[in-house]
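Colleague: Would you mind keeping the following structure in view while I ask a few things?
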Amino acid sequence: MQSVVAHQNGTVADVTHNFSIQCICAMLSQLSSAAVLGVDALQIDVETNLDSGLPSFIVVGLPDSAIKESRERVLTALKNSGYAAPPKKITVNLAPADVRKEGTAFDLPIAIGILACMGVVALEALKGVMLLGELALDGALRRISGALPIAVMAARSKFSRIILPKENANEAAVATSALSSPLRVYGVTSLQEAIDVLHDSADIPPTTIDLQNYLNSPPAYAVDFAHIKGQQDAKRAMEIAAAGGHNIIMIGPPGSGKTLLAKALPSILPPLLFEEALETTKIYSVAGLLPAGTALLTQRPFRSPHHTSSSVALIGGGVYAKPGEVSLAHHGVLFLDELPEFARSTLEVLRQPLEDREVTVARAAVSIKYPASFMLVAAMNPSPAGALRDEEGNLTSTPQQIQRYLSKISGPLLDRIDIHIDVPKVDHHALLSKDSGECSATIRERVMKAREIQQRRFKAYRAQSIFCNAQMNTALIKEFCQLDAASEQRLLESMKRLNLSARAYDRILKVSRTIADLEGSERIQMKHLVQAIQYRSLDREFWNT
């Protein structure tokens with residue numbers, strides 16, 4: 001019995017109520033999951049609370065629409081797995097709450113959090129465990145994006161176990177091998193298997209991989225340099241580009257073999273170093289493009305976007321930021337065929353990643369960085385009609401049409417392309433010749449010897465992701481690209497005659513250093529410099545005419 005005093009119409013009245021006090025006990029669980037930011041991961045605490053009240057399901061902590069829709073997936077998966085959710089108010093908080101979360105990887109931790117509140121899963125079993133996975137309506141687990149960077153973060157954060165879909169287990173196991181971590185990776189196929197692993201009642205061994213088997217697997221290439229008839233000068237330019245990681249542009253009429261040369265380039269590139277393979281695999285994991293069951297990408301990527309691609313598709317970003325083609329070509333080749341057919345605004349966005357070797361996608365609350373250290377290989381015709389001149393030697397288009405066509409490529413973009421090479425029409429005798437020329441394996445041996453020299457040269461700079469000559473900054477150019485007095489004078493004269501920029505000056509020195517490496521020369525000689533200057537004259541010949 002309790003007395004309550006209330007004010008009604010200015011008078012005081014005594015009101016007596018009889019009521020019973022009901023004890024409300026809230027049930028709370030907390031476990032660990034992760035979100036991907038760029039190509040790195042951030043630990044997310046999944047807090048789940050079951051409370052009395054009208055049955056509801058609320059997810060807070062800046063979830064995207066895919067996470068908000070997890071309500072139906074989680075509740076249905078629980079029911080079809082034999083665990084009916086209680087008719088209570090379910091509140092899920094994804095902390096820290098000021099970071100936007102995306103994707104479907106939170107389905108499994110939310111479901112396990114609810115089961116922990118119900119007492120089905122012991123709270124003690126959740127300590128030191130990271131959970132990830134998308135739930136199907138029948139309780140099965142589907143693969144997610146970003147498992148590799150999340151596993152790397154879990155290994156470095158001293159987690160003991162990570163439970164995720166079986167299709168992602170191999171790529172997650174790369175982290176344990178790479179970091180020599182005691183983290184155990186469990187790939188499961190369903191919600192029930194995840195519960196059994198948490199209770200140590202499942203006969204599922206941790207996933208392990210042998211990295212050396214992946215790194216030593218022989219590469220397979222569709223195009224070999226032996227398949228290309230003629231074009232010895234272009235092949236030599238490709239060898240230099242591969243040896244130093246240089247950007248290259250090929251100008252020639254249709255059918256001269258530009259596309260075939262570009263597709264053959266990966267076959268002479270050196271195999272990925274482990275650091276490079278790990279970075280590249282992380283990008284493909286985040287983008288959801290890693291083939292199912294693949295642990296590590298061991299071949300350099302080759303990306304060839306269509307000329308109708310937008311700047312966002314090329315550079316990355318979007319409403320939900322994703323890596324673009326420049327990042328998917330990281331440590332590989334980005335081939336832009338029919339370069340002038342790309343929108344000029346699209347081409348101009350390449351200038352920053354070509355210089356900085358990374359892409360920054362700015363958002364109101366956060367800036368995301370994607371690595372973008374790639375070889376740009378571009379191909380174009382010298383005229384909008386295709387060939388520059390017909391069989392009688394006449395221009396196929398008017399000078400104004402040619403100039404308008406070529407002006408789609410700006411001077412600053414050309415300055416960032418190290419090698420410019422003319423690819424003429426193939427002679428009929430060369431096409432009919434049975435001489436196949438050097439195969440890719442032979443050329444690759446020379447390229448790898450030059451790269452070994454560069455690896456020793458830049459051993460102290462690997463933490464800065466400098467692996468080849470094309471990646472040298474100004475300080476390294478001064479240290480490793482010194483010229484004698486005669487060579488310096490020759491270079492200055494060529495700069496004046498060709499009206500080249502300071503950026504082109506650095507590019508010439510880098511290419512000269514690579515040519516010297518291919519010949520095993522410790523110093524850059526005059527002949528190396530002259531050859532590098534010749535690879536800068538093509539753009540001025542066309543653009544100034």
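How things are named: the first chain in the structure tokens is A, the next is B, and so on; residues count from 1 in each chain; ligands count from 1 in the order shown.
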Show me, as a ChimeraX atom specification, the residues that have an atom within 12 Å of Arg389 (chain A) when counting only C-alpha atoms, minus same-chain residues fewer than 2 positions from it.

Modeller: /A:252-253,381-387,391-399,402,424-425

Colleague: For the selection just defined, write its residues with C-alpha atoms to a file, as an mmCIF file, in the first residue's frame.

Modeller:
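Wrote it out as part31.cif, contents follow:
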```cif
data_model
loop_
_atom_site.group_PDB
_atom_site.id
_atom_site.type_symbol
_atom_site.label_atom_id
_atom_site.label_comp_id
_atom_site.auth_asym_id
_atom_site.auth_seq_id
_atom_site.Cartn_x
_atom_site.Cartn_y
_atom_site.Cartn_z
ATOM 1 C CA GLY A 252 50.476 2.750 -83.931
ATOM 2 C CA PRO A 253 47.839 1.863 -86.530
ATOM 3 C CA ASN A 381 46.084 5.219 -82.847
ATOM 4 C CA PRO A 382 47.921 8.251 -84.263
ATOM 5 C CA SER A 383 44.751 9.463 -85.988
ATOM 6 C CA PRO A 384 40.983 9.238 -85.428
ATOM 7 C CA ALA A 385 40.808 7.315 -88.709
ATOM 8 C CA GLY A 386 43.262 4.720 -87.414
ATOM 9 C CA ALA A 387 46.469 4.892 -89.423
ATOM 10 C CA GLU A 391 49.113 3.586 -98.678
ATOM 11 C CA GLU A 392 49.837 6.608 -100.890
ATOM 12 C CA GLY A 393 51.301 8.609 -98.016
ATOM 13 C CA ASN A 394 48.377 10.999 -97.571
ATOM 14 C CA LEU A 395 47.005 11.943 -94.158
ATOM 15 C CA THR A 396 43.881 9.949 -93.329
ATOM 16 C CA SER A 397 42.399 12.907 -91.402
ATOM 17 C CA THR A 398 42.838 16.636 -91.513
ATOM 18 C CA PRO A 399 45.526 18.144 -89.261
ATOM 19 C CA ILE A 402 44.306 14.787 -85.692
ATOM 20 C CA PRO A 424 54.422 0.493 -86.888
ATOM 21 C CA LYS A 425 52.436 -1.763 -89.138
#
```

Colleague: Env of Phe225 (chain A): 10 Å cut, atoms = only C-alpha atoms, seq-sep filter 6 positions within chain, self excluded. Answer as a list in words.

Modeller: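 Counting only the stated atoms, we get Lys235, Leu260, Leu261, Lys263, Ala264, Leu265, Ser267, Ile268, Ser436, Gly437, Glu438, Cys439, Ser440, Ala441, Thr442 and Ile443 of chain A.
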
Colleague: What's the 12 Å shell around Ala136 (chain A), counting only C-alpha atoms, without same-chain residues fewer than 5 positions away, as a VMD selection string?

Modeller: chain A and resid 70 to 81 104 to 105 107 to 108 111 141 to 143 165 189 to 191

Colleague: Counting only C-alpha atoms, which residue out of A:Ser217, A:Ser373, A:Ser327, A:Gln403 sits closest to Gln471 (chain A)?

Modeller: A:Ser373

Colleague: Fewer than 5 positions away in the same chain doesn't count, so skip those; otherwise give me all residues within 12 Å of His420 (chain A), counting only C-alpha atoms, as a PyMOL selection string.

Modeller: chain A and resi 233-234+237-238+240-241+246-252+376-380+414-415+504+507-508+511+531-542

Colleague: Residues at most 7 Å from Gly113 (chain A), counting only C-alpha atoms, excluding those fewer than 3 positions away in the same chain, as an MDAnalysis selection string?

Modeller: chainID A and resid 29:31 48 109:110 116:117

Colleague: Which residues are near Ala516 (chain A)? Cut-off 7 Å, only C-alpha atoms, ignore same chain within fewer than 6 positions. Put them as a PyMOL selection string.

Modeller: chain A and resi 523-524+528

Colleague: For the selection just defined, write its residues with all heavy atoms to a file, as a short mmCIF file (atom, residue, chain, number, x, y, z; two decimals), in the first residue's frame.

Modeller:
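The resulting file, again31.cif, is shown below:
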```cif
data_model
loop_
_atom_site.label_atom_id
_atom_site.label_comp_id
_atom_site.auth_asym_id
_atom_site.auth_seq_id
_atom_site.Cartn_x
_atom_site.Cartn_y
_atom_site.Cartn_z
N ARG A 523 77.11 2.04 -63.31
CA ARG A 523 76.85 3.46 -63.55
C ARG A 523 76.08 3.64 -64.84
O ARG A 523 76.15 2.82 -65.77
CB ARG A 523 78.16 4.25 -63.61
CG ARG A 523 78.95 4.25 -62.31
CD ARG A 523 80.14 5.20 -62.39
NE ARG A 523 79.73 6.57 -62.66
CZ ARG A 523 79.35 7.43 -61.71
NH1 ARG A 523 79.31 7.05 -60.43
NH2 ARG A 523 78.98 8.66 -62.02
N ILE A 524 75.35 4.74 -64.93
CA ILE A 524 74.62 5.08 -66.15
C ILE A 524 75.60 5.64 -67.16
O ILE A 524 76.30 6.63 -66.89
CB ILE A 524 73.51 6.11 -65.85
CG1 ILE A 524 72.48 5.52 -64.88
CG2 ILE A 524 72.83 6.55 -67.15
CD1 ILE A 524 71.43 6.51 -64.45
N HIS A 528 73.16 4.48 -72.44
CA HIS A 528 71.93 4.23 -71.70
C HIS A 528 71.05 5.47 -71.69
O HIS A 528 69.83 5.40 -71.87
CB HIS A 528 72.25 3.82 -70.26
CG HIS A 528 73.19 2.66 -70.16
ND1 HIS A 528 74.15 2.55 -69.18
CD2 HIS A 528 73.32 1.55 -70.94
CE1 HIS A 528 74.83 1.44 -69.34
NE2 HIS A 528 74.35 0.82 -70.41
#
```

Colleague: Check region 119-330 of chain A with DSSP on the backbone and list each residue it calls alpha helix (DSSP H), as a ChimeraX atom specification.

Modeller: /A:147-156,169-179,191-198,211-215,232-244,258-264,274-287,311-315,325-328

Colleague: Excluding Ala175 (chain A) and residues on its chain fewer than 6 positions from it, collect all residues at most 7 Å away from it, counting only C-alpha atoms, and give them as a VMD selection string.

Modeller: chain A and resid 148 151 to 152 155

Colleague: Would you mind exporting the chosen residues as a PDB file, in the first residue's frame, restricted to all heavy atoms?

Modeller:
```pdb
ATOM      1  N   LEU A 148      40.710 -11.367 -45.370  1.00  0.00           N
ATOM      2  CA  LEU A 148      42.158 -11.336 -45.155  1.00  0.00           C
ATOM      3  C   LEU A 148      42.595 -10.157 -44.281  1.00  0.00           C
ATOM      4  O   LEU A 148      43.297 -10.363 -43.283  1.00  0.00           O
ATOM      5  CB  LEU A 148      42.894 -11.329 -46.499  1.00  0.00           C
ATOM      6  CG  LEU A 148      44.417 -11.217 -46.413  1.00  0.00           C
ATOM      7  CD1 LEU A 148      45.000 -12.303 -45.530  1.00  0.00           C
ATOM      8  CD2 LEU A 148      45.041 -11.275 -47.806  1.00  0.00           C
ATOM      9  N   ALA A 151      41.550 -10.850 -40.741  1.00  0.00           N
ATOM     10  CA  ALA A 151      42.364 -11.871 -40.085  1.00  0.00           C
ATOM     11  C   ALA A 151      43.728 -11.311 -39.690  1.00  0.00           C
ATOM     12  O   ALA A 151      44.269 -11.662 -38.631  1.00  0.00           O
ATOM     13  CB  ALA A 151      42.528 -13.079 -41.007  1.00  0.00           C
ATOM     14  N   VAL A 152      44.292 -10.440 -40.530  1.00  0.00           N
ATOM     15  CA  VAL A 152      45.569  -9.795 -40.185  1.00  0.00           C
ATOM     16  C   VAL A 152      45.408  -8.966 -38.917  1.00  0.00           C
ATOM     17  O   VAL A 152      46.246  -9.011 -38.010  1.00  0.00           O
ATOM     18  CB  VAL A 152      46.066  -8.921 -41.353  1.00  0.00           C
ATOM     19  CG1 VAL A 152      47.252  -8.070 -40.917  1.00  0.00           C
ATOM     20  CG2 VAL A 152      46.456  -9.797 -42.546  1.00  0.00           C
ATOM     21  N   ALA A 155      45.055 -11.291 -35.892  1.00  0.00           N
ATOM     22  CA  ALA A 155      46.329 -11.888 -35.500  1.00  0.00           C
ATOM     23  C   ALA A 155      47.184 -10.889 -34.727  1.00  0.00           C
ATOM     24  O   ALA A 155      47.829 -11.238 -33.733  1.00  0.00           O
ATOM     25  CB  ALA A 155      47.069 -12.395 -36.733  1.00  0.00           C
TER      26      ALA A 155
END
```

Colleague: I need the residues in region 106-164 of chain A that are strand (DSSP E or B) according to DSSP; give them as a ChimeraX atom specification.

Modeller: /A:129-131,134-135,140-142,161-164
